[in-house]
Structures are given as C-alpha cells and as structure tokens.
Amino acid sequence: MKELLDVFIAPYDKESIYRMITQLDWITLSVRHFILEIEAYGILSIQEYQPIFEVLVEMATLLEQGVTHLSKKSPKRLTREIDLIHHKYNHVVELCAQSIAKLLKQDDYKRIITHKEILTQLKEVAKRLQVTANSLEDMAIKVV
C-alpha cells in the first residue's frame, strides 16, 4: 500500500486512493472471514446461498467496471454502475432476510445459529462492496 501511494500518479488525492485501497482490503478480509466461519462451523454445503453469491459476483464485477470507467473519466457510466451496486446490495439484504426467515421456521437451533452467522457475513461482504462503490463515486466527483 505504501509503495502504491508513493508512486501512483493520478488526478486523485492520496487520501482517496488510500481509502479505496482500504475498502478493497475490507472486501478481501470479509471474504476470508466468511470462509473461516464456514470451516469453523463445519458447513459442508453452501449451495443454498448460490443466489446470494451470484449477486455478490455481480456487485464485484460492477465495481471492477466502475474502476475502468474512472480511469477513462466516464462519470455517467460510473454512476450507472454505482447505482446498480446499491440496488444489488439491497437485493443481498433481502435474500439474506428471506433465508433467515426460512431458517427460523426450523427446529434445529444449532443450524439456525450457524447459518444466521454465515448470512451475516455474506451481508458484510455486500456492505463492503457498497462502501467501496461509495469511495469510487467520491473519486469520480473529484475529477469531474
């Protein structure tokens, strides 16, 4: 990170670049925490959360596209991606709420607790993607 801040020349201030790097770190950390929890709880199948994973991948792809548009100084296209990321974040929260509601109809309290924790971690990944999109939008505003 220090090396990047020392050599990266862009129309953005170092604070914006640092904030973006930090947010990307948080995304990585949240994914690691998700994996750690799955392993710690001994969850063998996460197939039921495939729809949530798909939305998270879409969010990450939009974020990547947003960075590309930022480098091309295409703020209108970037705004579209950021709006979609916010929309998809709300969709992840909705999917997680539906999954928790479904879990709460069961009698296996251990399963309810462990899977609720997994869903909380998935929401955290989505939140970090959204916060990173906000940092990207902040950078776009500075170059317009």
# chains A, B, ... in the order shown; residues from 1 in each chain; ligands from 1
call {"tool": "residues_around", "arguments": {"residues": "Thr28 in chain A", "least_positions_apart": "2", "cutoff": "12 Å", "atoms": "only C-alpha atoms", "output": "PyMOL selection string"}}
result
chain A and resi 21-26+30-35+60+124-126+128-129+132
call {"tool": "residues_around", "arguments": {"residues": "range 89-91 of chain A", "least_positions_apart": "4", "cutoff": "7 Å", "atoms": "only C-alpha atoms", "output": "PyMOL selection string"}}
result
chain A and resi 85+95+126-127+130
call {"tool": "write_last_selection", "arguments": {"atoms": "N, CA and C atoms", "output": "mmCIF file, in the first residue's frame"}}
result
data_model
loop_
_atom_site.group_PDB
_atom_site.id
_atom_site.type_symbol
_atom_site.label_atom_id
_atom_site.label_comp_id
_atom_site.auth_asym_id
_atom_site.auth_seq_id
_atom_site.Cartn_x
_atom_site.Cartn_y
_atom_site.Cartn_z
ATOM 1 N N ILE A 85 -24.849 -1.177 -8.032
ATOM 2 C CA ILE A 85 -24.253 -1.805 -6.842
ATOM 3 C C ILE A 85 -25.139 -1.561 -5.626
ATOM 4 N N LEU A 95 -32.361 -11.052 0.158
ATOM 5 C CA LEU A 95 -32.146 -12.501 0.060
ATOM 6 C C LEU A 95 -31.707 -13.088 1.399
ATOM 7 N N ALA A 126 -21.268 -7.817 1.107
ATOM 8 C CA ALA A 126 -22.055 -6.908 0.258
ATOM 9 C C ALA A 126 -21.911 -5.467 0.728
ATOM 10 N N LYS A 127 -21.936 -5.278 2.034
ATOM 11 C CA LYS A 127 -21.800 -3.921 2.575
ATOM 12 C C LYS A 127 -20.448 -3.330 2.198
ATOM 13 N N GLN A 130 -20.442 -2.193 -1.310
ATOM 14 C CA GLN A 130 -21.183 -0.941 -1.449
ATOM 15 C C GLN A 130 -20.358 0.240 -0.953
#
call {"tool": "closest_residue", "arguments": {"among": "A:Leu44, A:Ile82, A:Ala140, A:Ile52", "to": "Ala97 in chain A", "atoms": "only C-alpha atoms"}}
result
A:Ile52
call {"tool": "residues_around", "arguments": {"residues": "Leu136 in chain A", "least_positions_apart": "6", "cutoff": "9 Å", "atoms": "only C-alpha atoms", "output": "ChimeraX atom specification"}}
result
/A:16,20,63,66-67,70,78,82
call {"tool": "closest_residue", "arguments": {"among": "A:Glu94, A:Ser135, A:Lys142, A:Ile118", "to": "Glu39 in chain A", "atoms": "only C-alpha atoms"}}
result
A:Ile118
call {"tool": "select_by_dssp", "arguments": {"residues": "chain A", "states": "alpha helix (DSSP H)", "output": "count of residues only"}}
result
120
